[in-house]
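One structure is given below, encoded as structure tokens.
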Amino acid sequence: MILFRQQSAQKQNSKARYNGINTINKMRQVLFLYIVLAVFYTPIQAEHHHHDDDSQEQDSDFLRVCNKNIEFAFRLYKQIISQPDFQSKNVFFSPMSVSLTLAALALGARGETHEQLFSGLGFNVSEIRAEEVNEAFHQILLELNNKTNVDLSVGSALFMNDTFKPNPEFLNNMKHFYHSEAFTADFTKITETTELINKYIKDKTHGKITELVKNMDASAIMYVISYIYFKGKWEFPFSTQETKEDEFHVDEKTKVAVQMMSQKRTFNVYYDKQIFTNVLQLHYGDSVSMMLVLPHHGLKSLEDVLHKSRVEKWHKWMKKMECQVFLPKCSISTSYSLQQILIKMGITDIFSEKANFTGISEKQSLLVSQVIHKATLDIDETGTTGSAVTQILVKPLSFSSSLTLKFDRPFMVIIYHHDVKSILFMGKIVNPVDSDHVY
């Protein structure tokens with residue numbers, strides 16, 4: 001959620017100044033931006049085909065934006081886990097959704113505000129123009145929403161107070177580049193507007209997120225909502241008959257009871273000898289896969305060296321091998337405030353009176369006061385949602401033709417779209433039974 005407030009520096013006539021601060025508070029203009037994620041899976045058989053070399057079908061700008069999005073994903077992940085509250089907790093988010101939302105926000109930004117958003121996303125104005133970035137995101141959305149082997153939908157919506165009139169160019173660009181729908185409502189009718197927004201998100205996330213807006217701000221002028229819904233299925237589902245109660249080691253002193261799924265077959269695996277980490281790849285259809293990453297010496301040892309090129313190496317050197325896999329079922333929900341995290345990533349002016357959002361409205365000075373990110377994750381025998389934190393008990397690949405990977409300790413998850421070369425979701429599962437996180 002991005003909360004815009006009318007800047008107090010805006011010029012006011014003498015009659016308005018008579019009421020001082022009270023008048024400013026009453027006239028406060030607010031815009032909310034929600035980044036919403038939901039992932040859910042159902043059983044269905046699907047074939048798997050490797051896509052090792054899709055790049056010839058995509059132009060250079062498209063690939064450049066995709067690469068920058070992946071780099072942004074790891075920078076954002078490291079900023080999130082650097083916060084004290086996140087170091088020992090489950091983390092699950094969609095870097096793709098955050099990138100899309102910030103890029104869409106940049107449509108309405110001008111001057112230094114736009115440059116900070118552009119730079120924060122990893123783009124250099126001397127290498128790629130804003131128009132090229134917007135067109136690349138447009139192509140990404142077309143690709144993501146045009147898949148038949150997985151149920152994947154990505155989009156955004158504007159809910160506007162009927163008294164607020166944003167620039168037509170902003171509305172048109174949001175619709176064209178970021179597939180945004182636009183709705184108007186009487187925001188003085190708080191209950192009705194809240195129900196309208198919540199029903200929209202409930203429908204878009206197939207019931208996974210039902211209460212996006214709980215306490216609507218009466219001074220709001222617009223809600224900008226981005227969502228991702230992914231309904232996938234394991235290429236090889238787990239049998240419910242093989243699921244047994246087991247222990248998950250949250251840390252050296254804490255154990256929790258979990259429902260541990262199990263199956264033995266040939267999987268794509270890789271052992272990174274440099275950081276003593278096993279990687280297991282599970283597929284959904286032919287375009288999306290999940291990487292389950294289990295470091296032998298704990299998550300921090302992995303997170304310290306995690307970057308784009310290392311994950312690319314894992315993808316490149318995956319080998320088929322017979323594995324006995326143990327994976328815990330889990331269902332978690334997360335909600336984050338990203339304001340301080342984005343500030344640390346260099347996106348600062350949008351939260352201050354330096355903010356320039358004249359691309360949204362030239363009549364009202366707006367600034368951002370809040371950014372909220374929500375996500376849900378489900379992992380069961382038929383599929384999985386997002387990221388999981390677990391660790392594996394490993395036999396080195398060089399010593400055996402068969403491997404046991406038991407995710408009974410904290411591990412990391414990356415859900416990757418091969419055709420679009422993008423990370424859809426990522427995170428870590430520290431405790432599979434710790435379901436709700438609000439930060």
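Ordered as shown in the structure tokens, chains take letters A, B, and onward, while each chain numbers its residues from 1 and ligands are numbered from 1 in the order shown.
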
DSSP on the backbone, strand (DSSP E) only: what residues of region 118-229 of chain A does that give? Format it as a PDB file with N, CA and C atoms, in the first residue's frame.
ATOM      1  N   ASP A 151      -2.083 -21.587 -14.214  1.00  0.00           N
ATOM      2  CA  ASP A 151      -3.087 -20.550 -13.987  1.00  0.00           C
ATOM      3  C   ASP A 151      -2.382 -19.371 -13.330  1.00  0.00           C
ATOM      4  N   LEU A 152      -2.026 -18.382 -14.124  1.00  0.00           N
ATOM      5  CA  LEU A 152      -1.246 -17.245 -13.645  1.00  0.00           C
ATOM      6  C   LEU A 152      -1.869 -15.966 -14.163  1.00  0.00           C
ATOM      7  N   SER A 153      -2.217 -15.068 -13.259  1.00  0.00           N
ATOM      8  CA  SER A 153      -2.764 -13.774 -13.662  1.00  0.00           C
ATOM      9  C   SER A 153      -2.098 -12.670 -12.857  1.00  0.00           C
ATOM     10  N   VAL A 154      -1.737 -11.612 -13.551  1.00  0.00           N
ATOM     11  CA  VAL A 154      -1.051 -10.474 -12.952  1.00  0.00           C
ATOM     12  C   VAL A 154      -1.727  -9.212 -13.455  1.00  0.00           C
ATOM     13  N   GLY A 155      -1.997  -8.271 -12.583  1.00  0.00           N
ATOM     14  CA  GLY A 155      -2.627  -7.041 -13.021  1.00  0.00           C
ATOM     15  C   GLY A 155      -2.696  -6.000 -11.926  1.00  0.00           C
ATOM     16  N   SER A 156      -3.424  -4.922 -12.192  1.00  0.00           N
ATOM     17  CA  SER A 156      -3.556  -3.845 -11.216  1.00  0.00           C
ATOM     18  C   SER A 156      -4.905  -3.158 -11.396  1.00  0.00           C
ATOM     19  N   ALA A 157      -5.254  -2.336 -10.427  1.00  0.00           N
ATOM     20  CA  ALA A 157      -6.533  -1.620 -10.481  1.00  0.00           C
ATOM     21  C   ALA A 157      -6.419  -0.301  -9.743  1.00  0.00           C
ATOM     22  N   LEU A 158      -7.180   0.674 -10.192  1.00  0.00           N
ATOM     23  CA  LEU A 158      -7.283   1.975  -9.534  1.00  0.00           C
ATOM     24  C   LEU A 158      -8.703   2.128  -9.006  1.00  0.00           C
ATOM     25  N   PHE A 159      -8.828   2.399  -7.723  1.00  0.00           N
ATOM     26  CA  PHE A 159     -10.113   2.741  -7.124  1.00  0.00           C
ATOM     27  C   PHE A 159     -10.029   4.201  -6.703  1.00  0.00           C
ATOM     28  N   MET A 160     -10.813   5.076  -7.365  1.00  0.00           N
ATOM     29  CA  MET A 160     -10.682   6.518  -7.181  1.00  0.00           C
ATOM     30  C   MET A 160     -11.929   7.127  -6.568  1.00  0.00           C
ATOM     31  N   ASN A 161     -11.709   8.066  -5.670  1.00  0.00           N
ATOM     32  CA  ASN A 161     -12.816   8.866  -5.160  1.00  0.00           C
ATOM     33  C   ASN A 161     -13.418   9.629  -6.337  1.00  0.00           C
ATOM     34  N   SER A 180      -4.126  -1.979 -16.045  1.00  0.00           N
ATOM     35  CA  SER A 180      -4.908  -1.519 -14.905  1.00  0.00           C
ATOM     36  C   SER A 180      -6.366  -1.284 -15.276  1.00  0.00           C
ATOM     37  N   GLU A 181      -7.254  -1.757 -14.403  1.00  0.00           N
ATOM     38  CA  GLU A 181      -8.664  -1.401 -14.476  1.00  0.00           C
ATOM     39  C   GLU A 181      -8.888  -0.168 -13.605  1.00  0.00           C
ATOM     40  N   ALA A 182      -9.909   0.616 -13.934  1.00  0.00           N
ATOM     41  CA  ALA A 182     -10.183   1.842 -13.186  1.00  0.00           C
ATOM     42  C   ALA A 182     -11.642   1.870 -12.728  1.00  0.00           C
ATOM     43  N   PHE A 183     -11.838   2.228 -11.453  1.00  0.00           N
ATOM     44  CA  PHE A 183     -13.177   2.302 -10.871  1.00  0.00           C
ATOM     45  C   PHE A 183     -13.300   3.597 -10.070  1.00  0.00           C
ATOM     46  N   THR A 184     -14.494   4.161 -10.030  1.00  0.00           N
ATOM     47  CA  THR A 184     -14.765   5.326  -9.184  1.00  0.00           C
ATOM     48  C   THR A 184     -15.825   4.959  -8.161  1.00  0.00           C
ATOM     49  N   ALA A 185     -15.748   5.608  -7.009  1.00  0.00           N
ATOM     50  CA  ALA A 185     -16.710   5.345  -5.935  1.00  0.00           C
ATOM     51  C   ALA A 185     -16.787   6.570  -5.039  1.00  0.00           C
ATOM     52  N   ALA A 220      -8.953   9.293   1.912  1.00  0.00           N
ATOM     53  CA  ALA A 220      -8.322   8.669   0.754  1.00  0.00           C
ATOM     54  C   ALA A 220      -8.910   9.210  -0.541  1.00  0.00           C
ATOM     55  N   ILE A 221      -8.062   9.302  -1.582  1.00  0.00           N
ATOM     56  CA  ILE A 221      -8.560   9.731  -2.884  1.00  0.00           C
ATOM     57  C   ILE A 221      -8.410   8.626  -3.940  1.00  0.00           C
ATOM     58  N   MET A 222      -7.471   7.692  -3.718  1.00  0.00           N
ATOM     59  CA  MET A 222      -7.308   6.636  -4.702  1.00  0.00           C
ATOM     60  C   MET A 222      -6.542   5.459  -4.096  1.00  0.00           C
ATOM     61  N   TYR A 223      -6.999   4.264  -4.379  1.00  0.00           N
ATOM     62  CA  TYR A 223      -6.292   3.033  -4.064  1.00  0.00           C
ATOM     63  C   TYR A 223      -5.722   2.453  -5.352  1.00  0.00           C
ATOM     64  N   VAL A 224      -4.436   2.183  -5.339  1.00  0.00           N
ATOM     65  CA  VAL A 224      -3.799   1.512  -6.467  1.00  0.00           C
ATOM     66  C   VAL A 224      -3.429   0.116  -5.997  1.00  0.00           C
ATOM     67  N   ILE A 225      -3.977  -0.894  -6.650  1.00  0.00           N
ATOM     68  CA  ILE A 225      -3.814  -2.275  -6.191  1.00  0.00           C
ATOM     69  C   ILE A 225      -3.162  -3.114  -7.283  1.00  0.00           C
ATOM     70  N   SER A 226      -2.102  -3.809  -6.920  1.00  0.00           N
ATOM     71  CA  SER A 226      -1.478  -4.768  -7.821  1.00  0.00           C
ATOM     72  C   SER A 226      -1.617  -6.162  -7.230  1.00  0.00           C
ATOM     73  N   TYR A 227      -1.811  -7.148  -8.078  1.00  0.00           N
ATOM     74  CA  TYR A 227      -2.016  -8.510  -7.570  1.00  0.00           C
ATOM     75  C   TYR A 227      -1.320  -9.525  -8.480  1.00  0.00           C
ATOM     76  N   ILE A 228      -0.975 -10.652  -7.895  1.00  0.00           N
ATOM     77  CA  ILE A 228      -0.519 -11.821  -8.645  1.00  0.00           C
ATOM     78  C   ILE A 228      -1.250 -13.024  -8.085  1.00  0.00           C
ATOM     79  N   TYR A 229      -1.826 -13.815  -8.969  1.00  0.00           N
ATOM     80  CA  TYR A 229      -2.439 -15.077  -8.564  1.00  0.00           C
ATOM     81  C   TYR A 229      -1.804 -16.187  -9.391  1.00  0.00           C
TER      82      TYR A 229
END

Inset, instruction - Just the residues within 8 Å of region 417-430 of chain A, please, counting only C-alpha atoms, with nothing from its chain fewer than 4 positions along; format it as an MDAnalysis selection string. - result: chainID A and resid 51 54 66:67 69:70 73 77 88:97 140 143:144 250 287:289 386:390 409:413

Legend entry - Shell around Ile332 (chain A) at 9 Å using only C-alpha atoms, local window under 3 positions removed, as an MDAnalysis selection string: chainID A and resid 90 92 375:378 432:437

Inset, instruction - Excluding Leu342 (chain A) and any residue of its chain fewer than 6 positions from it, enumerate the residues within 12 Å of it, using only C-alpha atoms, and give them as a VMD selection string. - result: chain A and resid 2 72 75 to 80 98 to 99 102 116 to 117 119 to 121 336 348 to 351 368 to 372

Limited to C-alpha atoms, could you put the picked residues into a file as a short mmCIF file (atom, residue, chain, number, x, y, z; two decimals), in the first residue's frame?
data_model
loop_
_atom_site.label_atom_id
_atom_site.label_comp_id
_atom_site.auth_asym_id
_atom_site.auth_seq_id
_atom_site.Cartn_x
_atom_site.Cartn_y
_atom_site.Cartn_z
CA ILE A 2 1.41 3.39 -0.97
CA PHE A 72 16.19 -6.05 -7.73
CA ARG A 75 18.50 -6.61 -3.29
CA LEU A 76 14.97 -6.42 -1.91
CA TYR A 77 15.26 -9.83 -0.25
CA LYS A 78 18.51 -8.84 1.47
CA GLN A 79 17.00 -5.58 2.70
CA ILE A 80 13.96 -7.41 4.10
CA VAL A 98 6.93 -4.98 -6.24
CA SER A 99 8.87 -4.16 -9.42
CA LEU A 102 7.08 0.75 -8.47
CA GLN A 116 15.08 7.79 -7.80
CA LEU A 117 12.37 5.27 -8.62
CA SER A 119 17.48 4.03 -10.19
CA GLY A 120 15.98 2.11 -7.24
CA LEU A 121 14.63 -0.46 -9.68
CA TYR A 336 4.96 -6.08 5.27
CA THR A 348 13.51 8.43 -0.51
CA ASP A 349 11.86 11.44 -2.14
CA ILE A 350 8.49 9.75 -2.64
CA PHE A 351 8.08 9.82 1.16
CA VAL A 368 3.88 8.63 -0.25
CA SER A 369 3.60 7.77 3.43
CA GLN A 370 3.19 4.00 3.35
CA VAL A 371 3.89 0.93 1.22
CA ILE A 372 2.25 -2.39 2.16
#

Legend entry - Polymer residues at most 12 Å from Arg129 (chain A), only C-alpha atoms, same-chain spacing of 3 or more positions, as a VMD selection string: chain A and resid 61 64 to 65 114 to 115 118 to 119 123 to 126 132 to 136

Legend entry - helix (DSSP H, G or I) per DSSP on the backbone: members of region 212-433 of chain A, as a ChimeraX atom specification: /A:240-242,299-303,308-316,339-344,349-351,397-399

Would you put the residues from that selection into a file with N, CA and C atoms, as a CSV table (one decimal), in the first residue's frame?
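So again28.csv came out as:
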chain,number,residue,atom,x,y,z
A,240,THR,N,-0.7,-38.5,-0.6
A,240,THR,CA,-1.2,-38.2,0.7
A,240,THR,C,-0.9,-39.4,1.7
A,241,GLN,N,-0.9,-40.6,1.1
A,241,GLN,CA,-0.6,-41.8,1.9
A,241,GLN,C,0.8,-41.8,2.5
A,242,GLU,N,1.7,-41.1,1.8
A,242,GLU,CA,3.1,-41.0,2.3
A,242,GLU,C,3.4,-39.9,3.3
A,299,LEU,N,20.9,-20.8,7.1
A,299,LEU,CA,20.4,-19.8,6.1
A,299,LEU,C,21.3,-18.6,5.9
A,300,LYS,N,21.9,-18.1,7.0
A,300,LYS,CA,22.7,-16.9,6.9
A,300,LYS,C,23.9,-17.1,6.0
A,301,SER,N,24.5,-18.3,6.1
A,301,SER,CA,25.7,-18.6,5.2
A,301,SER,C,25.3,-18.5,3.8
A,302,LEU,N,24.0,-18.9,3.5
A,302,LEU,CA,23.5,-18.8,2.1
A,302,LEU,C,23.2,-17.4,1.7
A,303,GLU,N,22.5,-16.7,2.6
A,303,GLU,CA,22.0,-15.3,2.3
A,303,GLU,C,23.2,-14.3,2.1
A,308,LYS,N,22.3,-13.0,-8.2
A,308,LYS,CA,21.8,-13.4,-9.5
A,308,LYS,C,22.6,-14.5,-10.2
A,309,SER,N,23.9,-14.3,-10.3
A,309,SER,CA,24.8,-15.2,-11.0
A,309,SER,C,24.9,-16.5,-10.4
A,310,ARG,N,24.8,-16.6,-9.0
A,310,ARG,CA,24.8,-17.9,-8.4
A,310,ARG,C,23.5,-18.7,-8.7
A,311,VAL,N,22.4,-18.1,-8.7
A,311,VAL,CA,21.2,-18.8,-9.0
A,311,VAL,C,21.2,-19.2,-10.5
A,312,GLU,N,21.7,-18.4,-11.4
A,312,GLU,CA,21.8,-18.7,-12.8
A,312,GLU,C,22.7,-20.0,-12.9
A,313,LYS,N,23.8,-20.1,-12.1
A,313,LYS,CA,24.6,-21.2,-12.2
A,313,LYS,C,23.9,-22.5,-11.7
A,314,TRP,N,23.0,-22.4,-10.7
A,314,TRP,CA,22.2,-23.5,-10.3
A,314,TRP,C,21.3,-24.0,-11.4
A,315,HIS,N,20.6,-23.0,-12.1
A,315,HIS,CA,19.8,-23.4,-13.2
A,315,HIS,C,20.6,-24.1,-14.3
A,316,LYS,N,21.7,-23.6,-14.6
A,316,LYS,CA,22.5,-24.2,-15.7
A,316,LYS,C,23.0,-25.6,-15.5
A,339,GLN,N,8.2,0.8,3.6
A,339,GLN,CA,8.7,2.1,3.5
A,339,GLN,C,10.1,2.3,3.9
A,340,GLN,N,10.5,1.8,5.1
A,340,GLN,CA,11.9,1.9,5.5
A,340,GLN,C,12.9,1.1,4.6
A,341,ILE,N,12.4,0.0,4.1
A,341,ILE,CA,13.2,-0.9,3.3
A,341,ILE,C,13.5,-0.1,2.0
A,342,LEU,N,12.5,0.5,1.4
A,342,LEU,CA,12.7,1.2,0.1
A,342,LEU,C,13.6,2.4,0.3
A,343,ILE,N,13.5,3.1,1.5
A,343,ILE,CA,14.3,4.2,1.8
A,343,ILE,C,15.8,3.8,1.8
A,344,LYS,N,16.1,2.6,2.4
A,344,LYS,CA,17.4,2.1,2.4
A,344,LYS,C,17.9,1.7,1.0
A,349,ASP,N,12.6,10.2,-1.9
A,349,ASP,CA,11.9,11.4,-2.1
A,349,ASP,C,10.4,11.2,-2.2
A,350,ILE,N,9.9,10.0,-2.6
A,350,ILE,CA,8.5,9.8,-2.6
A,350,ILE,C,7.8,9.9,-1.3
A,351,PHE,N,8.6,9.8,-0.2
A,351,PHE,CA,8.1,9.8,1.2
A,351,PHE,C,8.2,11.2,1.8
A,397,LEU,N,26.6,-35.3,-3.6
A,397,LEU,CA,26.3,-36.0,-4.8
A,397,LEU,C,27.5,-36.8,-5.3
A,398,SER,N,28.7,-36.4,-4.9
A,398,SER,CA,29.9,-37.1,-5.5
A,398,SER,C,30.1,-38.5,-4.8
A,399,PHE,N,29.3,-38.8,-3.7
A,399,PHE,CA,29.6,-40.0,-3.0
A,399,PHE,C,28.5,-41.1,-3.2

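When only C-alpha atoms are used to compute distances to Ile414 (chain A), the closest of the residues A:Lys374, A:Gln281, A:Glu245, A:Thr266 turns out to be A:Gln281.
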
Legend entry - Pro166 (chain A) environment, 10 Å, only C-alpha atoms, sequence neighbours closer than 4 positions dropped, as a list in words: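 Final neighbour list, sorted by chain and number: Gly108, Met160, Phe170, Leu171, Ile221, Met222, Thr358, Gly359, Ile360, Ser361, Glu362, Lys363 and Gln364 of chain A.
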
Inset, instruction - Name the closest residue to Arg265 (chain A) among the candidates A:Gln87, A:Gln324, A:Thr210, A:Thr382; distances are taken between atoms, counting only C-alpha atoms. - result: A:Gln324

Inset, instruction - Would you work out the distance separating CA of Lys233 (chain A) from CA of Thr277 (chain A), expressed in Å to one decimal? - result: 25.5 Å
